[in-house]
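Trainee: The structure file work-v4.tsv (TSV, C-alpha atoms) is provided below.
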```
chain	number	residue	atom	x	y	z
X	28	MET	CA	-17.64	8.45	-0.24
X	29	PRO	CA	-17.89	9.38	3.47
X	30	PHE	CA	-17.44	6.98	6.39
X	31	SER	CA	-21.17	6.17	6.26
X	32	ASN	CA	-20.50	4.26	3.03
X	33	PHE	CA	-18.26	1.77	4.83
X	34	HIS	CA	-20.29	-1.40	5.36
X	35	GLY	CA	-20.16	-3.15	8.73
X	36	ASN	CA	-17.89	-2.80	11.76
X	37	ALA	CA	-19.72	0.36	12.85
X	38	GLU	CA	-18.22	0.29	16.37
X	39	THR	CA	-14.65	0.12	15.04
X	40	VAL	CA	-15.28	2.94	12.56
X	41	SER	CA	-16.87	5.06	15.31
X	42	GLN	CA	-13.87	4.46	17.59
X	43	ILE	CA	-11.51	5.53	14.83
X	44	ARG	CA	-13.46	8.72	14.17
X	45	GLN	CA	-13.55	9.56	17.88
X	46	MET	CA	-9.76	9.21	18.04
X	47	LEU	CA	-9.42	11.47	14.99
X	48	GLY	CA	-11.71	14.02	16.64
X	49	ARG	CA	-9.58	14.05	19.80
X	50	ASP	CA	-6.36	14.15	17.72
X	51	ARG	CA	-5.27	11.00	19.56
X	52	PHE	CA	-4.74	8.72	16.59
X	53	PRO	CA	-1.74	6.35	16.95
X	54	HIS	CA	1.40	6.86	14.85
X	55	ALA	CA	1.29	3.19	13.82
X	56	VAL	CA	-1.87	1.12	13.33
X	57	ILE	CA	-2.45	-2.51	12.42
X	58	VAL	CA	-5.73	-3.03	10.56
X	59	ALA	CA	-6.56	-6.75	10.72
X	60	GLY	CA	-9.32	-8.65	8.98
X	61	PRO	CA	-10.05	-11.21	6.26
X	62	ARG	CA	-9.21	-10.52	2.64
X	63	GLY	CA	-11.79	-8.14	1.22
X	64	ALA	CA	-13.00	-6.90	4.61
X	65	GLY	CA	-12.21	-3.31	3.62
X	66	LYS	CA	-8.84	-2.82	5.32
X	67	PHE	CA	-7.39	-0.72	2.50
X	68	THR	CA	-10.65	1.13	1.94
X	69	LEU	CA	-10.75	2.09	5.61
X	70	SER	CA	-7.11	3.20	5.69
X	71	GLN	CA	-7.75	5.39	2.64
X	72	MET	CA	-10.80	6.92	4.32
X	73	ILE	CA	-8.74	7.72	7.41
X	74	ALA	CA	-6.00	9.29	5.26
X	75	LYS	CA	-8.62	11.51	3.60
X	76	ALA	CA	-10.20	12.47	6.92
X	77	MET	CA	-6.77	13.38	8.33
X	78	ASN	CA	-6.01	15.65	5.38
X	79	CYS	CA	-9.38	16.87	4.09
X	80	LEU	CA	-9.27	20.60	3.46
X	81	GLU	CA	-12.96	21.06	4.31
X	82	SER	CA	-12.88	18.87	7.46
X	83	PRO	CA	-16.65	18.20	7.58
X	84	GLN	CA	-18.41	16.36	10.39
X	85	SER	CA	-21.27	13.88	10.39
X	86	ASP	CA	-23.01	12.63	13.51
X	87	GLY	CA	-20.72	14.96	15.45
X	88	LEU	CA	-17.58	13.08	14.32
X	89	PRO	CA	-14.84	13.87	11.75
X	90	ASP	CA	-15.51	12.92	8.14
X	91	PHE	CA	-14.10	13.89	4.73
X	92	CYS	CA	-15.60	15.74	1.79
X	93	GLY	CA	-14.28	13.62	-1.08
X	94	ARG	CA	-14.12	16.77	-3.23
X	95	CYS	CA	-11.10	18.79	-2.16
X	96	VAL	CA	-7.72	18.41	-3.84
X	97	ASN	CA	-6.32	16.27	-1.02
X	98	CYS	CA	-9.30	13.90	-0.98
X	99	THR	CA	-9.39	13.49	-4.76
X	100	ARG	CA	-5.64	12.91	-5.11
X	101	ILE	CA	-5.61	10.34	-2.31
X	102	ALA	CA	-8.69	8.70	-3.91
X	103	GLN	CA	-6.75	8.08	-7.12
X	104	ALA	CA	-5.15	5.14	-5.28
X	105	ASP	CA	-8.51	3.69	-4.11
X	106	ASP	CA	-8.47	1.20	-6.99
X	107	LEU	CA	-5.30	-0.41	-5.72
X	108	ASP	CA	-5.29	-3.34	-8.14
X	109	ALA	CA	-5.36	-0.98	-11.12
X	110	ARG	CA	-2.56	1.20	-9.72
X	111	VAL	CA	-0.40	-1.85	-8.96
X	112	ALA	CA	-0.99	-3.22	-12.48
X	113	GLU	CA	0.08	0.14	-13.93
X	114	ALA	CA	3.22	0.19	-11.77
X	115	ILE	CA	4.17	-3.35	-12.81
X	116	GLU	CA	3.62	-2.49	-16.48
X	117	ALA	CA	5.74	0.65	-16.13
X	118	ARG	CA	8.55	-1.34	-14.50
X	119	GLU	CA	8.46	-3.95	-17.27
X	120	GLY	CA	9.19	-1.17	-19.74
X	121	LEU	CA	12.46	-0.22	-18.06
X	122	ARG	CA	15.95	-1.40	-18.94
X	123	GLU	CA	16.89	-4.66	-17.24
X	124	ALA	CA	19.33	-2.97	-14.85
X	125	ASP	CA	16.77	-0.33	-13.84
X	126	LYS	CA	14.03	-2.95	-13.54
X	127	ARG	CA	15.99	-4.87	-10.91
X	128	GLU	CA	16.46	-1.73	-8.82
X	129	THR	CA	12.87	-0.45	-9.07
X	130	ARG	CA	10.36	-1.37	-6.38
X	131	LEU	CA	6.59	-1.05	-6.45
X	132	LEU	CA	5.31	2.11	-4.77
X	133	ILE	CA	1.97	3.84	-5.31
X	134	GLN	CA	1.88	7.59	-4.77
X	135	THR	CA	-0.95	9.76	-6.07
X	136	HIS	CA	-0.46	12.44	-3.38
X	137	PRO	CA	2.98	13.75	-2.35
X	138	ASP	CA	2.33	13.00	1.33
X	139	VAL	CA	0.53	9.66	1.01
X	140	LEU	CA	2.48	6.56	0.00
X	141	VAL	CA	1.07	3.05	-0.53
X	142	ILE	CA	3.48	0.13	-0.34
X	143	PRO	CA	2.16	-3.12	-1.88
X	144	PRO	CA	4.04	-6.45	-1.85
X	145	ASP	CA	6.61	-6.61	-4.64
X	146	PRO	CA	6.37	-9.47	-7.18
X	147	PRO	CA	7.38	-12.11	-8.00
X	148	GLN	CA	7.92	-13.01	-4.32
X	149	ASN	CA	4.93	-10.83	-3.37
X	150	MET	CA	6.63	-9.63	-0.20
X	151	ILE	CA	7.50	-6.22	1.22
X	152	LYS	CA	11.19	-5.70	0.45
X	153	VAL	CA	13.82	-3.69	2.26
X	154	ASP	CA	14.18	-1.12	-0.53
X	155	GLN	CA	10.48	-0.31	-0.18
X	156	VAL	CA	10.88	0.27	3.56
X	157	ARG	CA	13.98	2.36	2.92
X	158	ARG	CA	11.87	4.64	0.73
X	159	VAL	CA	9.62	5.16	3.75
X	160	THR	CA	12.51	5.80	6.14
X	161	ALA	CA	14.03	8.28	3.66
X	162	SER	CA	10.91	10.45	3.53
X	163	ILE	CA	8.94	9.94	6.74
X	164	TYR	CA	10.89	12.55	8.75
X	165	PHE	CA	10.23	15.35	6.24
X	166	ARG	CA	7.25	17.49	7.15
X	167	PRO	CA	4.18	17.19	4.87
X	168	ALA	CA	4.30	19.33	1.75
X	169	GLU	CA	0.56	19.70	1.06
X	170	ALA	CA	-1.24	17.75	3.79
X	171	ARG	CA	-1.47	17.87	7.57
X	172	ARG	CA	-0.08	14.36	8.02
X	173	ARG	CA	2.11	12.01	6.05
X	174	VAL	CA	0.47	8.60	5.62
X	175	PHE	CA	2.24	5.35	4.72
X	176	THR	CA	0.18	2.21	4.09
X	177	PHE	CA	1.75	-1.25	3.86
X	178	THR	CA	-0.95	-3.34	2.20
X	179	ASP	CA	0.42	-6.72	3.31
X	180	SER	CA	2.21	-8.18	6.34
X	181	ALA	CA	4.53	-10.46	4.33
X	182	PHE	CA	7.77	-8.64	5.12
X	183	MET	CA	11.19	-9.94	4.24
X	184	LYS	CA	13.27	-10.20	7.43
X	185	GLU	CA	15.54	-7.27	6.62
X	186	ALA	CA	12.52	-5.15	5.66
X	187	ALA	CA	10.75	-5.91	8.95
X	188	ASN	CA	13.85	-4.93	10.91
X	189	ALA	CA	14.16	-1.69	8.95
X	190	LEU	CA	10.51	-0.86	9.68
X	191	LEU	CA	11.03	-1.53	13.37
X	192	LYS	CA	13.63	1.26	13.52
X	193	VAL	CA	11.03	3.73	12.22
X	194	LEU	CA	8.40	2.56	14.71
X	195	GLU	CA	10.78	3.11	17.62
X	196	GLU	CA	10.89	6.88	16.95
X	197	PRO	CA	8.07	7.90	14.59
X	198	PRO	CA	7.64	11.59	13.77
X	199	GLU	CA	4.59	13.30	15.25
X	200	PHE	CA	3.21	14.25	11.81
X	201	ALA	CA	3.21	10.74	10.25
X	202	THR	CA	0.96	7.69	10.47
X	203	LEU	CA	1.80	4.17	9.31
X	204	PHE	CA	-0.86	1.58	8.47
X	205	LEU	CA	-0.03	-2.12	8.45
X	206	LEU	CA	-2.78	-4.16	6.80
X	207	THR	CA	-2.92	-7.87	7.53
X	208	GLU	CA	-5.15	-10.92	7.53
X	209	ASN	CA	-3.12	-12.33	10.42
X	210	PRO	CA	-1.35	-9.98	12.89
X	211	GLY	CA	0.74	-12.96	14.02
X	212	GLU	CA	2.72	-12.65	10.78
X	213	LEU	CA	4.21	-9.41	12.07
X	214	LEU	CA	7.14	-9.35	14.47
X	215	PRO	CA	6.07	-9.14	18.12
X	216	THR	CA	8.22	-6.02	18.44
X	217	ILE	CA	6.24	-4.40	15.61
X	218	ARG	CA	2.89	-5.40	17.11
X	219	SER	CA	3.87	-3.97	20.48
X	220	ARG	CA	4.52	-0.55	18.92
X	221	ALA	CA	1.23	-0.26	17.03
X	222	GLY	CA	-2.43	0.05	17.86
X	223	ILE	CA	-4.74	-2.51	16.32
X	224	PHE	CA	-8.20	-2.37	14.77
X	225	ARG	CA	-9.96	-5.59	13.81
X	226	LEU	CA	-12.57	-5.83	11.09
X	227	GLY	CA	-15.00	-8.68	11.65
X	228	ALA	CA	-17.05	-10.61	9.13
X	229	LEU	CA	-20.60	-9.54	8.24
X	230	PRO	CA	-23.49	-12.04	8.48
X	231	THR	CA	-24.14	-14.02	5.30
X	232	LEU	CA	-27.69	-12.67	4.91
X	233	GLU	CA	-26.40	-9.10	5.14
X	234	ILE	CA	-23.89	-9.84	2.38
X	235	GLU	CA	-26.67	-11.33	0.24
X	236	ARG	CA	-28.79	-8.19	0.72
X	237	LEU	CA	-25.85	-6.02	-0.26
X	238	LEU	CA	-25.26	-8.12	-3.39
X	239	ALA	CA	-28.94	-7.87	-4.33
X	240	GLU	CA	-28.64	-4.08	-4.09
X	241	ARG	CA	-25.24	-3.61	-5.76
X	242	ARG	CA	-25.16	-6.58	-8.17
X	243	PRO	CA	-28.82	-7.11	-9.11
X	244	GLN	CA	-27.83	-9.07	-12.23
X	245	THR	CA	-26.69	-12.03	-10.08
X	246	ARG	CA	-29.18	-14.82	-9.53
X	247	PRO	CA	-30.28	-15.71	-5.97
X	248	ALA	CA	-28.31	-18.99	-6.03
X	249	GLU	CA	-25.19	-17.11	-7.18
X	250	ARG	CA	-25.67	-14.49	-4.45
X	251	ALA	CA	-25.96	-17.21	-1.84
X	252	LEU	CA	-22.77	-18.90	-3.07
X	253	ILE	CA	-20.80	-15.64	-3.30
X	254	ALA	CA	-21.94	-14.60	0.18
X	255	ARG	CA	-20.59	-17.87	1.61
X	256	LEU	CA	-17.33	-17.70	-0.34
X	257	ALA	CA	-16.73	-14.05	0.60
X	258	GLU	CA	-16.57	-15.09	4.27
X	259	GLY	CA	-18.33	-11.96	5.46
X	260	ALA	CA	-16.03	-9.55	3.58
X	261	THR	CA	-18.02	-6.89	1.73
X	262	GLY	CA	-15.29	-5.80	-0.66
X	263	ARG	CA	-14.54	-9.37	-1.58
X	264	ALA	CA	-18.23	-10.09	-2.18
X	265	LEU	CA	-18.84	-7.01	-4.35
X	266	GLY	CA	-15.79	-7.72	-6.49
X	267	PHE	CA	-16.11	-11.50	-6.50
X	268	ASP	CA	-15.43	-12.98	-9.95
X	269	LEU	CA	-17.61	-16.09	-9.74
X	270	PRO	CA	-16.81	-17.52	-13.22
X	271	ALA	CA	-13.06	-17.22	-12.52
X	272	TYR	CA	-13.47	-18.86	-9.12
X	273	LEU	CA	-15.51	-21.72	-10.57
X	274	ALA	CA	-12.79	-22.32	-13.19
X	275	SER	CA	-10.09	-22.41	-10.50
X	276	ARG	CA	-12.27	-24.63	-8.31
X	277	ALA	CA	-12.72	-27.10	-11.17
X	278	ASP	CA	-8.93	-27.42	-11.42
X	279	ALA	CA	-8.64	-27.75	-7.65
X	280	LEU	CA	-11.19	-30.58	-7.74
X	281	ILE	CA	-9.06	-32.37	-10.35
X	282	LEU	CA	-6.10	-32.17	-7.95
X	283	LEU	CA	-8.10	-33.59	-5.06
X	284	ARG	CA	-9.93	-36.23	-7.09
X	285	THR	CA	-6.66	-37.44	-8.62
X	286	SER	CA	-5.18	-37.84	-5.15
X	287	VAL	CA	-8.16	-39.76	-3.78
X	288	GLN	CA	-10.23	-41.35	-6.51
X	289	GLU	CA	-8.55	-41.37	-9.93
X	290	PRO	CA	-5.29	-43.22	-10.62
X	291	ASP	CA	-5.28	-41.94	-14.22
X	292	LEU	CA	-2.99	-38.91	-14.24
X	293	SER	CA	-3.63	-37.76	-17.82
X	294	THR	CA	-6.40	-35.35	-16.77
X	295	LEU	CA	-4.17	-33.93	-14.07
X	296	PHE	CA	-1.24	-33.40	-16.45
X	297	ARG	CA	-3.42	-31.69	-19.06
X	298	MET	CA	-4.71	-29.32	-16.38
X	299	THR	CA	-1.38	-28.49	-14.69
X	300	ASP	CA	0.29	-27.96	-18.07
X	301	THR	CA	-1.84	-24.81	-18.47
X	302	TYR	CA	-0.14	-23.19	-15.45
X	303	ARG	CA	2.64	-21.30	-17.16
X	304	ALA	CA	5.24	-18.74	-16.09
X	305	GLY	CA	4.61	-15.00	-15.99
X	306	ALA	CA	2.23	-12.71	-14.16
X	307	GLU	CA	-0.86	-14.36	-15.66
X	308	GLY	CA	0.33	-17.77	-14.52
X	309	GLN	CA	1.08	-16.38	-11.07
X	310	GLU	CA	-2.46	-15.05	-10.70
X	311	LYS	CA	-3.94	-18.30	-12.00
X	312	THR	CA	-1.89	-20.33	-9.52
X	313	ASP	CA	-2.86	-18.04	-6.64
X	314	ASN	CA	-6.53	-18.48	-7.55
X	315	LEU	CA	-6.11	-22.26	-7.68
X	316	ILE	CA	-4.45	-22.32	-4.24
X	317	ARG	CA	-7.27	-20.24	-2.73
X	318	ALA	CA	-9.94	-22.45	-4.32
X	319	ALA	CA	-8.22	-25.63	-3.12
X	320	ALA	CA	-7.90	-24.17	0.39
X	321	SER	CA	-11.63	-23.41	0.39
X	322	LEU	CA	-12.44	-26.98	-0.62
X	323	LEU	CA	-10.15	-28.39	2.08
X	324	GLU	CA	-11.86	-26.23	4.71
X	325	ASP	CA	-15.23	-27.57	3.56
X	326	LEU	CA	-13.94	-31.16	3.78
X	327	LEU	CA	-12.82	-30.43	7.33
X	328	LEU	CA	-16.26	-29.01	8.19
X	329	LEU	CA	-17.99	-32.07	6.75
X	330	LYS	CA	-15.67	-34.42	8.66
X	331	SER	CA	-16.53	-32.44	11.79
X	332	SER	CA	-20.31	-32.71	11.20
X	333	ALA	CA	-20.60	-28.94	10.59
X	334	ALA	CA	-22.19	-28.99	7.14
X	335	ALA	CA	-24.23	-25.88	7.99
X	336	LEU	CA	-21.01	-23.84	7.72
X	337	LEU	CA	-20.14	-25.14	4.25
X	338	ARG	CA	-18.95	-22.47	1.79
X	339	ASN	CA	-19.13	-24.33	-1.53
X	340	ILE	CA	-22.81	-25.08	-0.94
X	341	ASP	CA	-23.42	-26.09	-4.56
X	342	LEU	CA	-20.96	-29.00	-4.17
X	343	GLU	CA	-22.25	-30.42	-0.91
X	344	LYS	CA	-23.04	-33.87	-2.35
X	345	GLU	CA	-19.69	-34.31	-4.11
X	346	LEU	CA	-17.70	-32.94	-1.18
X	347	THR	CA	-19.54	-35.25	1.21
X	348	THR	CA	-18.47	-38.23	-0.91
X	349	LEU	CA	-14.90	-36.95	-0.96
X	350	ALA	CA	-14.91	-36.30	2.79
X	351	ASN	CA	-15.95	-39.89	3.45
X	352	ALA	CA	-12.89	-41.07	1.48
X	353	VAL	CA	-10.26	-39.07	3.41
X	354	THR	CA	-9.03	-38.68	6.97
X	355	PHE	CA	-8.26	-35.65	9.12
X	356	GLU	CA	-4.57	-36.47	8.65
X	357	TRP	CA	-5.00	-36.40	4.87
X	358	ILE	CA	-6.65	-32.96	5.03
X	359	GLU	CA	-3.84	-31.68	7.26
X	360	GLY	CA	-1.23	-33.03	4.83
X	361	ALA	CA	-3.05	-31.41	1.91
X	362	ALA	CA	-3.05	-28.04	3.68
X	363	ARG	CA	0.70	-28.36	4.30
X	364	GLY	CA	1.21	-29.28	0.66
X	365	LEU	CA	-0.67	-26.19	-0.50
X	366	ARG	CA	1.53	-24.00	1.67
X	367	GLY	CA	4.51	-25.71	0.06
X	368	VAL	CA	3.20	-24.91	-3.42
X	369	GLU	CA	2.67	-21.27	-2.40
X	370	SER	CA	6.19	-21.10	-0.98
X	371	GLY	CA	7.55	-22.63	-4.18
X	372	MET	CA	5.87	-19.93	-6.25
X	373	ARG	CA	7.86	-17.31	-4.33
X	374	ARG	CA	11.03	-19.17	-5.32
X	375	ASN	CA	9.91	-19.25	-8.97
X	376	LEU	CA	9.57	-23.05	-9.10
X	377	LEU	CA	7.95	-24.46	-12.23
X	378	ARG	CA	4.23	-24.29	-11.47
X	379	SER	CA	3.06	-27.35	-13.35
X	380	LEU	CA	5.66	-29.56	-11.68
X	381	ALA	CA	4.85	-28.13	-8.25
X	382	LEU	CA	1.16	-28.97	-8.72
X	383	ASP	CA	1.92	-32.45	-10.07
X	384	SER	CA	4.18	-33.09	-7.07
X	385	PHE	CA	1.45	-31.87	-4.71
X	386	ALA	CA	-1.09	-34.32	-6.14
X	387	ALA	CA	1.42	-37.18	-6.17
X	388	GLN	CA	2.37	-36.63	-2.53
X	389	LEU	CA	-1.28	-36.55	-1.49
X	390	GLY	CA	-1.99	-39.74	-3.41
X	391	SER	CA	0.78	-41.58	-1.60
X	392	SER	CA	-0.22	-40.37	1.88
```
Output the structure of this file as structure tokens.
Mentor:
Amino acid sequence: MPFSNFHGNAETVSQIRQMLGRDRFPHAVIVAGPRGAGKFTLSQMIAKAMNCLESPQSDGLPDFCGRCVNCTRIAQADDLDARVAEAIEAREGLREADKRETRLLIQTHPDVLVIPPDPPQNMIKVDQVRRVTASIYFRPAEARRRVFTFTDSAFMKEAANALLKVLEEPPEFATLFLLTENPGELLPTIRSRAGIFRLGALPTLEIERLLAERRPQTRPAERALIARLAEGATGRALGFDLPAYLASRADALILLRTSVQEPDLSTLFRMTDTYRAGAEGQEKTDNLIRAAASLLEDLLLLKSSAAALLRNIDLEKELTTLANAVTFEWIEGAARGLRGVESGMRRNLLRSLALDSFAAQLGSS
């Protein structure tokens, strides 16, 4: 899978390859872009290009073979969700004392380490950063460069401070990637010590064409909806689970309808009661929050007379009715409430009660 297989953002990819060719790549890089834009895919490609044993070129710029031992071992982490699920399952099998002390780290190559957010808080923790600081100053064992990829910018305060110490004096043979949807979440002192690459959204029609090519089983109406919901992110579009999203969206609509139109809370309680504890409940709640956020953004667009930008295009009639029943202040309060629910999940609050409280607060506003 050479660089030519990366969809979109051709200028950014070309700039990166030129820097690799001149051996002028920064020691710390922020890769910013929407969820599913390909931030992790691109960082993995760069890690392979840095350490490929064949060091091929295409279009006169550095590339990677995808066949050598370094490329194939780094590629074992390409399916990040699967590797994270395996790491979580392995940790669950440990003794309770060992479980508390074990942090999520993905390492399929001795010189390439991937650091995902650690559940249940889903934040980068100080022990994960300490693992980086403990190994980053050792020279690579089998590669030309050590590569460390933080897949999220949600750092605990102590972890961010620990990372800052590394960025102040990074070794010449190591590169750190910081992947983020919003660079503003990172400390200004971290941003000032790192280069930044931004991945922009692809046009909706281009996403639809890609879906027609890669997911031909989807109907045209489904492709159009997925392309809107993916927000120009190719990875998100190709992996979009439409049935799961529609199920989460149906629950999100119950929350919003209850707050605006339906005083009967029995439907709400039956729905929120299905949001249980555990990893499955965490994922279900995360999906609900994302679906609700998407609906709120559409309500804001409709209130602003920008229906052409609507994402949930199959619900335009219902959302228009809902938009006419709420104010801008209500939408702002709902967005704050969603952030509160998300924050509560990190503190392990009971999910069903958090969702009930969210709907009740909206209904009284």
Trainee: Just the residues within 12 Å of Asp268 in chain X, please, counting all atoms listed in the file, with nothing from its chain fewer than 4 positions along; format it as a ChimeraX atom specification.
Mentor: /X:242,245,249-250,252-253,256-257,262-264,272-275,314
Trainee: Each residue of range 125-179 of chain X with at least one atom at most 12 Å from range 47-55 of chain X should appear once, together with its nearest atom pair and the corresponding distance in Å (one decimal); atoms considered: all atoms listed in the file; ordering: chain, then increasing residue number; output as CSV.
Mentor:
```
residue,atom,partner,partner_atom,distance
X:Ile163,CA,X:His54,CA,11.5
X:Arg171,CA,X:Asp50,CA,11.9
X:Arg172,CA,X:His54,CA,10.3
X:Arg173,CA,X:His54,CA,10.2
X:Val174,CA,X:His54,CA,9.4
X:Phe175,CA,X:Ala55,CA,9.4
X:Thr176,CA,X:Ala55,CA,9.8
X:Phe177,CA,X:Ala55,CA,10.9
```
Trainee: So, counting all atoms listed in the file, which residue among X:Ala189, X:Met72, X:Ala59, X:Ala102 is closest to Asn32 in chain X?
Mentor: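 Residue with the minimum atom-to-atom distance to Asn32 in chain X: X:Met72.
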Trainee: Return the single residue from X:Ala318, X:Ala187, X:Asp325, X:Gln42 that is closest to Arg218 in chain X, with distances computed using only C-alpha atoms.
Mentor: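 Result for the nearest residue to Arg218 in chain X: X:Ala187.
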Trainee: Within 12 Å of (6.4, 4.7, 19.8), only C-alpha atoms: residues as a list in words?
Mentor: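 Checking each residue against the 12 Å limit leaves Pro53, His54, Ala55, Val56, Leu191, Lys192, Val193, Leu194, Glu195, Glu196, Pro197, Pro198, Glu199, Ala201, Thr202, Leu203, Thr216, Ile217, Arg218, Ser219, Arg220, Ala221 and Gly222 of chain X.
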Trainee: In terms of the shortest atom-to-atom distance over all atoms listed in the file, which of X:Pro167, X:Gly63, X:Gly87, X:Gly259 is closest to Val139 in chain X?
Mentor: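 For Val139 in chain X, the nearest of the given residues is X:Pro167.
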Trainee: Mind giving me the straight-line distance from CA of Val40 in chain X to CA of Leu88 in chain X in Å, one decimal?
Mentor: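 Here the two named atoms are 10.5 Å from each other.
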Trainee: Name the closest residue to Thr231 in chain X among the candidates X:Leu337, X:Leu323, X:Met77, X:Val96; distances are taken between atoms, counting only C-alpha atoms.
Mentor: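 For Thr231 in chain X, the nearest of the given residues is X:Leu337.
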Trainee: To one decimal place in Å, what is the distance between CA of Ala74 in chain X and CA of Ile43 in chain X?
Mentor: 11.7 Å
Trainee: Measuring atom to atom with all atoms listed in the file, identify which of X:Leu349, X:Ile133, X:Val287, X:Leu226 is nearest to Ala117 in chain X.
Mentor: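 Between X:Leu349, X:Ile133, X:Val287, X:Leu226, the residue approaching Ala117 in chain X most closely is X:Ile133.
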Trainee: Measure the distance from CA of Ser286 in chain X to CA of Gln148 in chain X in Å and round it to one decimal.
Mentor: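 Computing the Euclidean distance for CA of Ser286 in chain X and CA of Gln148 in chain X yields 28.1 Å.
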Trainee: Would you mind telling me which residue in X:Leu238, X:Leu315, X:Ala109, X:Leu283 lies nearest to Gly266 in chain X when using all atoms listed in the file?
Mentor: X:Leu238
Trainee: Do a neighbour search on Ala181 in chain X at 8 Å with all atoms listed in the file, toss out local chain neighbours closer than 4 positions, and write the hits as an MDAnalysis selection string.
Mentor: chainID X and resid 144 149:151 212:213
Trainee: For Gln84 in chain X, find every residue with an atom within 12 Å (counting all atoms listed in the file), except residues of its own chain fewer than 3 positions away, and show them as number ranges by chain.
Mentor: X: 29-31, 44-45, 47-48, 76, 79, 81, 87-92
Trainee: Could range 185-197 of chain X be completed with N, CA and C atoms and returned as a PDB file, in the coordinates of the input?
Mentor:
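So result.pdb came out as:
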```
ATOM      1  N   GLU X 185      14.806  -8.532   6.574  1.00  0.00           N
ATOM      2  CA  GLU X 185      15.540  -7.270   6.620  1.00  0.00           C
ATOM      3  C   GLU X 185      14.587  -6.077   6.543  1.00  0.00           C
ATOM      4  N   ALA X 186      13.505  -6.230   5.777  1.00  0.00           N
ATOM      5  CA  ALA X 186      12.520  -5.150   5.660  1.00  0.00           C
ATOM      6  C   ALA X 186      11.792  -4.939   6.973  1.00  0.00           C
ATOM      7  N   ALA X 187      11.432  -6.025   7.658  1.00  0.00           N
ATOM      8  CA  ALA X 187      10.750  -5.910   8.950  1.00  0.00           C
ATOM      9  C   ALA X 187      11.642  -5.227   9.975  1.00  0.00           C
ATOM     10  N   ASN X 188      12.921  -5.570   9.974  1.00  0.00           N
ATOM     11  CA  ASN X 188      13.850  -4.930  10.910  1.00  0.00           C
ATOM     12  C   ASN X 188      14.018  -3.455  10.615  1.00  0.00           C
ATOM     13  N   ALA X 189      14.039  -3.099   9.329  1.00  0.00           N
ATOM     14  CA  ALA X 189      14.160  -1.690   8.950  1.00  0.00           C
ATOM     15  C   ALA X 189      12.916  -0.905   9.382  1.00  0.00           C
ATOM     16  N   LEU X 190      11.746  -1.525   9.251  1.00  0.00           N
ATOM     17  CA  LEU X 190      10.510  -0.860   9.680  1.00  0.00           C
ATOM     18  C   LEU X 190      10.499  -0.657  11.180  1.00  0.00           C
ATOM     19  N   LEU X 191      11.008  -1.621  11.912  1.00  0.00           N
ATOM     20  CA  LEU X 191      11.030  -1.530  13.370  1.00  0.00           C
ATOM     21  C   LEU X 191      11.777  -0.288  13.833  1.00  0.00           C
ATOM     22  N   LYS X 192      12.847   0.069  13.147  1.00  0.00           N
ATOM     23  CA  LYS X 192      13.630   1.260  13.520  1.00  0.00           C
ATOM     24  C   LYS X 192      12.782   2.528  13.408  1.00  0.00           C
ATOM     25  N   VAL X 193      11.905   2.564  12.392  1.00  0.00           N
ATOM     26  CA  VAL X 193      11.030   3.730  12.220  1.00  0.00           C
ATOM     27  C   VAL X 193       9.995   3.775  13.339  1.00  0.00           C
ATOM     28  N   LEU X 194       9.450   2.612  13.692  1.00  0.00           N
ATOM     29  CA  LEU X 194       8.400   2.560  14.710  1.00  0.00           C
ATOM     30  C   LEU X 194       8.916   2.928  16.089  1.00  0.00           C
ATOM     31  N   GLU X 195      10.214   2.769  16.313  1.00  0.00           N
ATOM     32  CA  GLU X 195      10.780   3.110  17.620  1.00  0.00           C
ATOM     33  C   GLU X 195      10.748   4.609  17.866  1.00  0.00           C
ATOM     34  N   GLU X 196      10.909   5.415  16.813  1.00  0.00           N
ATOM     35  CA  GLU X 196      10.890   6.880  16.950  1.00  0.00           C
ATOM     36  C   GLU X 196      10.139   7.508  15.790  1.00  0.00           C
ATOM     37  N   PRO X 197       8.824   7.322  15.713  1.00  0.00           N
ATOM     38  CA  PRO X 197       8.070   7.900  14.590  1.00  0.00           C
ATOM     39  C   PRO X 197       7.897   9.404  14.767  1.00  0.00           C
TER      40      PRO X 197
END
```
